[in-house]
Amino acid sequence: MRGLGGDICVSGRSGLQYLQEAVLPGLPKADAPKPRPWPPVPRPHWLRPPSVLPERPCGISREPPYCFPQRLYHYPFPPAEHRDSSFFTQELFAGIEDGESLQLFEQSSRSAHKQETHTMEAMKLVEFDLKQTLTRLITHLFGDGLEVRWVDCHFPFTHPSFEMEINFHGEWLEVLGCGVMEQQLVNSAGAQDRIGWAFGLGLERLAMILYDIPDIRLFWSEDERFLKQFRVANINQKVKFQPLSKYPALINDISFWLPSETYAENDFYDLVRTIGGDLVEKVDLIDKFEHPKTHRTSHCYRITYRHMERTLSQKEVRHIHRAVQEAAVQLLGVEGRF
């Protein structure tokens, strides 16, 4: 359950097994969330998981720059688009004074700013190209004058890695993740003499921002009131989403002490989505507390439940919320304050 594809193991069982065997069967059948079906993908177009390059060059073009597009389907997450771009030495240093004396690779130590196989000059130019290209992309979507900031982060198959955030309607929103590709992966693609960067973005998330769509579950809706708003004669026609009437939400909080080992908020978000499915509208971290004597940290999350087609009862939600509490203790090692 770490990231999109891994598992958290509990007493020899994976997190998914635990949920299937111990959590979901305990929910009333009428309440148990139904997984959304994966969109059909023709067999010849099945693609590999995110951030894993092909073992040999098989991008759209065999000519530089390589591009490995990937369409990903992960329940309960929306599809994402991933792209890669890479450079030869002469491409990266073209137009740079004394560029012919610069190299892509060296054997040195790994740091927060570069991989052990990359020169600092190459890494800085690749990072500049990455940020400049993606800033132009997002500016094209959202318009000129957009305020952008970059946040250092960690992804398993890029280093250094960044997230792009934009100031949209007065709020900072994360719109994509990116980074310099791990050279070992580039080498496995048969491009040992190249260095490159990769990025991934959620198309549904961008659409939510552009059209002010409040609930990602609407993208899987068959409600004509939603679908007909985006049937236009001209693709460049301006569309303004008109909100639909909704059934009331039910809000439940959960708080717990964090384990002493590493804890990732995304693991808890994934856990809630896995158990609650489509009934979970959003999960917000609303409070952090550090005990002044023990220095233990406590988190409090607010889970909003809402059914798309009817009004939920607190009794129905209580079963799911209790399953979330039990799974958090079993899978994440937290100590409940409930």
# chains A, B, ... in the order shown; residues from 1 in each chain; ligands from 1
call {"tool": "select_by_dssp", "arguments": {"residues": "segment 123-329 of chain A", "states": "alpha helix (DSSP H)", "output": "PyMOL selection string"}}
result
chain A and resi 123-142+183-188+203-211+224-227+265-276+314-329
call {"tool": "closest_residue", "arguments": {"among": "A:Gln242, A:Thr304, A:Ser313, A:Ser255", "to": "Val329 of chain A", "atoms": "only C-alpha atoms"}}
result
A:Ser255
call {"tool": "select_by_dssp", "arguments": {"residues": "segment 169-319 of chain A", "states": "strand (DSSP E)", "output": "VMD selection string"}}
result
chain A and resid 171 to 181 195 to 202 250 to 257 280 to 290 297 to 305
call {"tool": "residues_around", "arguments": {"residues": "Trp257 of chain A", "least_positions_apart": "4", "cutoff": "6 Å", "atoms": "only C-alpha atoms", "output": "PyMOL selection string"}}
result
chain A and resi 297-298+334-335
call {"tool": "residues_around", "arguments": {"residues": "segment 120-136 of chain A", "least_positions_apart": "5", "cutoff": "7 Å", "atoms": "only C-alpha atoms", "output": "PyMOL selection string"}}
result
chain A and resi 104+114+196-197
call {"tool": "residues_around", "arguments": {"residues": "Tyr305 of chain A", "least_positions_apart": "2", "cutoff": "6 Å", "atoms": "only C-alpha atoms", "output": "VMD selection string"}}
result
chain A and resid 249 to 250 279 to 281
call {"tool": "write_last_selection", "arguments": {"atoms": "N, CA and C atoms", "output": "PDB file, in the first residue's frame"}}
result
ATOM      1  N   ALA A 249     -23.610  15.315   3.329  1.00  0.00           N
ATOM      2  CA  ALA A 249     -22.416  14.572   3.724  1.00  0.00           C
ATOM      3  C   ALA A 249     -22.484  14.197   5.201  1.00  0.00           C
ATOM      4  N   LEU A 250     -21.755  13.153   5.565  1.00  0.00           N
ATOM      5  CA  LEU A 250     -21.566  12.771   6.965  1.00  0.00           C
ATOM      6  C   LEU A 250     -20.075  12.864   7.263  1.00  0.00           C
ATOM      7  N   LEU A 279     -17.603   5.973  -1.347  1.00  0.00           N
ATOM      8  CA  LEU A 279     -18.331   6.692  -0.312  1.00  0.00           C
ATOM      9  C   LEU A 279     -17.486   7.783   0.338  1.00  0.00           C
ATOM     10  N   VAL A 280     -16.172   7.728   0.144  1.00  0.00           N
ATOM     11  CA  VAL A 280     -15.278   8.736   0.716  1.00  0.00           C
ATOM     12  C   VAL A 280     -15.134   9.883  -0.276  1.00  0.00           C
ATOM     13  N   GLU A 281     -15.581  11.051   0.129  1.00  0.00           N
ATOM     14  CA  GLU A 281     -15.458  12.230  -0.722  1.00  0.00           C
ATOM     15  C   GLU A 281     -14.105  12.892  -0.567  1.00  0.00           C
TER      16      GLU A 281
END
call {"tool": "closest_residue", "arguments": {"among": "A:Tyr211, A:Phe226, A:Phe241, A:Tyr247", "to": "Glu309 of chain A", "atoms": "only C-alpha atoms"}}
result
A:Tyr247
call {"tool": "residues_around", "arguments": {"residues": "segment 161-165 of chain A", "least_positions_apart": "5", "cutoff": "9 Å", "atoms": "only C-alpha atoms", "output": "list in words"}}
result
Lys131, Leu134, Thr135, Glu147, Val148, Arg149, Trp150, Val151, Asp152, Cys153, His154, Phe155, Trp172, Leu173, Glu174, Val175, Leu176, Gly177, Cys178, Gly179, Val180 and Met181 of chain A
call {"tool": "write_last_selection", "arguments": {"atoms": "C-alpha atoms", "output": "PDB file, in the first residue's frame"}}
result
ATOM      1  CA  LYS A 131      11.233  23.204 -15.103  1.00  0.00           C
ATOM      2  CA  LEU A 134       6.697  22.084 -17.607  1.00  0.00           C
ATOM      3  CA  THR A 135       6.144  25.726 -16.651  1.00  0.00           C
ATOM      4  CA  GLU A 147       2.423  31.957 -10.093  1.00  0.00           C
ATOM      5  CA  VAL A 148       4.454  28.734  -9.914  1.00  0.00           C
ATOM      6  CA  ARG A 149       6.670  27.291  -7.212  1.00  0.00           C
ATOM      7  CA  TRP A 150       8.769  24.127  -7.023  1.00  0.00           C
ATOM      8  CA  VAL A 151       8.924  21.875  -3.962  1.00  0.00           C
ATOM      9  CA  ASP A 152      11.676  19.316  -3.372  1.00  0.00           C
ATOM     10  CA  CYS A 153      10.245  15.843  -2.817  1.00  0.00           C
ATOM     11  CA  HIS A 154      11.056  12.136  -3.224  1.00  0.00           C
ATOM     12  CA  PHE A 155      10.038   9.665  -5.911  1.00  0.00           C
ATOM     13  CA  TRP A 172      -1.436  26.605  -3.685  1.00  0.00           C
ATOM     14  CA  LEU A 173      -2.286  23.392  -5.551  1.00  0.00           C
ATOM     15  CA  GLU A 174       0.062  20.542  -6.497  1.00  0.00           C
ATOM     16  CA  VAL A 175      -0.422  19.685 -10.175  1.00  0.00           C
ATOM     17  CA  LEU A 176       2.428  17.340 -11.152  1.00  0.00           C
ATOM     18  CA  GLY A 177       5.514  15.459 -10.010  1.00  0.00           C
ATOM     19  CA  CYS A 178       8.798  15.196 -11.911  1.00  0.00           C
ATOM     20  CA  GLY A 179      12.531  14.647 -11.634  1.00  0.00           C
ATOM     21  CA  VAL A 180      15.779  13.564 -13.237  1.00  0.00           C
ATOM     22  CA  MET A 181      15.480   9.886 -14.158  1.00  0.00           C
TER      23      MET A 181
END
call {"tool": "atom_distance", "arguments": {"atom1": "atom CA of His299 of chain A", "atom2": "atom CA of Ile254 of chain A"}}
result
8.3 Å
call {"tool": "decode", "arguments": {"residues": "segment 134-279 of chain A", "atoms": "C-alpha atoms", "output": "mmCIF file, in the first residue's frame"}}
result
data_model
loop_
_atom_site.group_PDB
_atom_site.id
_atom_site.type_symbol
_atom_site.label_atom_id
_atom_site.label_comp_id
_atom_site.auth_asym_id
_atom_site.auth_seq_id
_atom_site.Cartn_x
_atom_site.Cartn_y
_atom_site.Cartn_z
ATOM 1 C CA LEU A 134 6.697 22.084 -17.607
ATOM 2 C CA THR A 135 6.144 25.726 -16.651
ATOM 3 C CA ARG A 136 5.310 26.480 -20.302
ATOM 4 C CA LEU A 137 2.940 23.501 -20.389
ATOM 5 C CA ILE A 138 1.006 24.556 -17.276
ATOM 6 C CA THR A 139 1.016 28.221 -18.324
ATOM 7 C CA HIS A 140 -0.521 27.175 -21.637
ATOM 8 C CA LEU A 141 -3.320 25.435 -19.730
ATOM 9 C CA PHE A 142 -3.976 28.061 -17.060
ATOM 10 C CA GLY A 143 -2.921 31.285 -18.778
ATOM 11 C CA ASP A 144 -0.137 33.861 -18.477
ATOM 12 C CA GLY A 145 0.688 35.435 -15.149
ATOM 13 C CA LEU A 146 0.398 32.111 -13.320
ATOM 14 C CA GLU A 147 2.423 31.957 -10.093
ATOM 15 C CA VAL A 148 4.454 28.734 -9.914
ATOM 16 C CA ARG A 149 6.670 27.291 -7.212
ATOM 17 C CA TRP A 150 8.769 24.127 -7.023
ATOM 18 C CA VAL A 151 8.924 21.875 -3.962
ATOM 19 C CA ASP A 152 11.676 19.316 -3.372
ATOM 20 C CA CYS A 153 10.245 15.843 -2.817
ATOM 21 C CA HIS A 154 11.056 12.136 -3.224
ATOM 22 C CA PHE A 155 10.038 9.665 -5.911
ATOM 23 C CA PRO A 156 11.594 6.189 -6.146
ATOM 24 C CA PHE A 157 12.718 6.400 -9.790
ATOM 25 C CA THR A 158 13.926 10.011 -10.089
ATOM 26 C CA HIS A 159 16.561 12.070 -8.267
ATOM 27 C CA PRO A 160 16.450 14.936 -7.629
ATOM 28 C CA SER A 161 12.630 15.088 -7.643
ATOM 29 C CA PHE A 162 10.198 17.989 -7.544
ATOM 30 C CA GLU A 163 6.509 18.807 -7.320
ATOM 31 C CA MET A 164 5.061 21.790 -9.140
ATOM 32 C CA GLU A 165 2.520 23.888 -7.276
ATOM 33 C CA ILE A 166 0.460 26.718 -8.748
ATOM 34 C CA ASN A 167 -1.341 29.582 -7.040
ATOM 35 C CA PHE A 168 -4.872 29.174 -8.338
ATOM 36 C CA HIS A 169 -7.697 31.306 -6.919
ATOM 37 C CA GLY A 170 -5.514 32.149 -3.916
ATOM 38 C CA GLU A 171 -4.647 28.538 -3.049
ATOM 39 C CA TRP A 172 -1.436 26.605 -3.685
ATOM 40 C CA LEU A 173 -2.286 23.392 -5.551
ATOM 41 C CA GLU A 174 0.062 20.542 -6.497
ATOM 42 C CA VAL A 175 -0.422 19.685 -10.175
ATOM 43 C CA LEU A 176 2.428 17.340 -11.152
ATOM 44 C CA GLY A 177 5.514 15.459 -10.010
ATOM 45 C CA CYS A 178 8.798 15.196 -11.911
ATOM 46 C CA GLY A 179 12.531 14.647 -11.634
ATOM 47 C CA VAL A 180 15.779 13.564 -13.237
ATOM 48 C CA MET A 181 15.480 9.886 -14.158
ATOM 49 C CA GLU A 182 17.610 7.418 -12.234
ATOM 50 C CA GLN A 183 20.449 6.584 -14.599
ATOM 51 C CA GLN A 184 20.123 2.858 -13.935
ATOM 52 C CA LEU A 185 16.640 2.944 -15.479
ATOM 53 C CA VAL A 186 17.837 4.928 -18.478
ATOM 54 C CA ASN A 187 20.637 2.407 -18.954
ATOM 55 C CA SER A 188 18.157 -0.473 -18.814
ATOM 56 C CA ALA A 189 16.307 1.151 -21.706
ATOM 57 C CA GLY A 190 19.447 0.865 -23.842
ATOM 58 C CA ALA A 191 20.243 4.581 -23.655
ATOM 59 C CA GLN A 192 23.455 4.495 -21.617
ATOM 60 C CA ASP A 193 24.789 7.633 -23.305
ATOM 61 C CA ARG A 194 21.776 9.748 -22.404
ATOM 62 C CA ILE A 195 20.457 11.637 -19.388
ATOM 63 C CA GLY A 196 16.822 12.610 -19.020
ATOM 64 C CA TRP A 197 13.863 13.720 -16.951
ATOM 65 C CA ALA A 198 10.339 12.447 -16.430
ATOM 66 C CA PHE A 199 7.039 13.802 -15.171
ATOM 67 C CA GLY A 200 3.553 12.579 -14.373
ATOM 68 C CA LEU A 201 0.293 14.438 -13.988
ATOM 69 C CA GLY A 202 -3.310 13.526 -13.240
ATOM 70 C CA LEU A 203 -5.567 14.562 -16.097
ATOM 71 C CA GLU A 204 -8.692 14.482 -13.937
ATOM 72 C CA ARG A 205 -7.064 16.717 -11.335
ATOM 73 C CA LEU A 206 -6.203 19.298 -13.987
ATOM 74 C CA ALA A 207 -9.762 19.168 -15.307
ATOM 75 C CA MET A 208 -11.099 19.671 -11.773
ATOM 76 C CA ILE A 209 -9.008 22.818 -11.413
ATOM 77 C CA LEU A 210 -9.724 24.205 -14.870
ATOM 78 C CA TYR A 211 -13.489 23.676 -14.692
ATOM 79 C CA ASP A 212 -14.009 24.052 -10.905
ATOM 80 C CA ILE A 213 -15.305 20.486 -10.591
ATOM 81 C CA PRO A 214 -15.578 19.804 -6.838
ATOM 82 C CA ASP A 215 -15.763 15.993 -6.736
ATOM 83 C CA ILE A 216 -13.488 13.621 -8.647
ATOM 84 C CA ARG A 217 -16.152 10.884 -8.542
ATOM 85 C CA LEU A 218 -18.164 12.838 -11.102
ATOM 86 C CA PHE A 219 -15.721 11.625 -13.771
ATOM 87 C CA TRP A 220 -17.097 8.102 -13.328
ATOM 88 C CA SER A 221 -20.687 9.292 -13.228
ATOM 89 C CA GLU A 222 -23.196 8.430 -15.933
ATOM 90 C CA ASP A 223 -25.373 11.358 -14.914
ATOM 91 C CA GLU A 224 -26.387 13.232 -18.050
ATOM 92 C CA ARG A 225 -26.517 16.465 -16.085
ATOM 93 C CA PHE A 226 -22.734 16.221 -15.768
ATOM 94 C CA LEU A 227 -21.815 14.674 -19.128
ATOM 95 C CA LYS A 228 -23.820 17.005 -21.351
ATOM 96 C CA GLN A 229 -21.966 20.042 -19.999
ATOM 97 C CA PHE A 230 -18.837 18.926 -21.841
ATOM 98 C CA ARG A 231 -20.423 18.087 -25.205
ATOM 99 C CA VAL A 232 -19.480 21.130 -27.264
ATOM 100 C CA ALA A 233 -19.226 21.759 -30.996
ATOM 101 C CA ASN A 234 -15.795 23.413 -30.711
ATOM 102 C CA ILE A 235 -13.046 22.005 -28.504
ATOM 103 C CA ASN A 236 -11.863 25.560 -27.766
ATOM 104 C CA GLN A 237 -15.286 26.608 -26.509
ATOM 105 C CA LYS A 238 -15.275 27.864 -22.919
ATOM 106 C CA VAL A 239 -16.980 25.500 -20.481
ATOM 107 C CA LYS A 240 -18.096 26.463 -16.973
ATOM 108 C CA PHE A 241 -19.176 23.561 -14.791
ATOM 109 C CA GLN A 242 -22.607 23.971 -13.240
ATOM 110 C CA PRO A 243 -22.747 22.256 -9.827
ATOM 111 C CA LEU A 244 -25.186 19.382 -9.368
ATOM 112 C CA SER A 245 -27.459 18.954 -6.387
ATOM 113 C CA LYS A 246 -25.941 16.596 -3.793
ATOM 114 C CA TYR A 247 -27.069 14.479 -0.915
ATOM 115 C CA PRO A 248 -25.850 15.609 2.516
ATOM 116 C CA ALA A 249 -22.416 14.572 3.724
ATOM 117 C CA LEU A 250 -21.566 12.771 6.965
ATOM 118 C CA ILE A 251 -18.339 13.777 8.701
ATOM 119 C CA ASN A 252 -16.350 11.560 11.069
ATOM 120 C CA ASP A 253 -12.991 12.368 12.681
ATOM 121 C CA ILE A 254 -10.213 9.949 13.559
ATOM 122 C CA SER A 255 -7.115 10.673 15.634
ATOM 123 C CA PHE A 256 -4.145 8.535 16.586
ATOM 124 C CA TRP A 257 -0.569 8.621 17.831
ATOM 125 C CA LEU A 258 1.968 8.112 15.064
ATOM 126 C CA PRO A 259 4.355 5.134 15.229
ATOM 127 C CA SER A 260 7.998 5.748 16.105
ATOM 128 C CA GLU A 261 9.135 4.560 12.662
ATOM 129 C CA THR A 262 8.493 6.408 9.429
ATOM 130 C CA TYR A 263 4.872 7.332 8.828
ATOM 131 C CA ALA A 264 3.549 8.668 5.513
ATOM 132 C CA GLU A 265 0.259 10.537 5.329
ATOM 133 C CA ASN A 266 -0.374 9.131 1.853
ATOM 134 C CA ASP A 267 -0.475 5.614 3.316
ATOM 135 C CA PHE A 268 -3.410 6.625 5.486
ATOM 136 C CA TYR A 269 -5.179 8.350 2.593
ATOM 137 C CA ASP A 270 -4.733 5.201 0.493
ATOM 138 C CA LEU A 271 -6.061 3.071 3.335
ATOM 139 C CA VAL A 272 -9.228 5.165 3.716
ATOM 140 C CA ARG A 273 -9.879 5.133 -0.040
ATOM 141 C CA THR A 274 -9.360 1.380 -0.224
ATOM 142 C CA ILE A 275 -11.858 0.671 2.547
ATOM 143 C CA GLY A 276 -14.377 3.441 1.908
ATOM 144 C CA GLY A 277 -14.248 3.386 -1.894
ATOM 145 C CA ASP A 278 -16.658 5.767 -3.591
ATOM 146 C CA LEU A 279 -18.331 6.692 -0.312
#
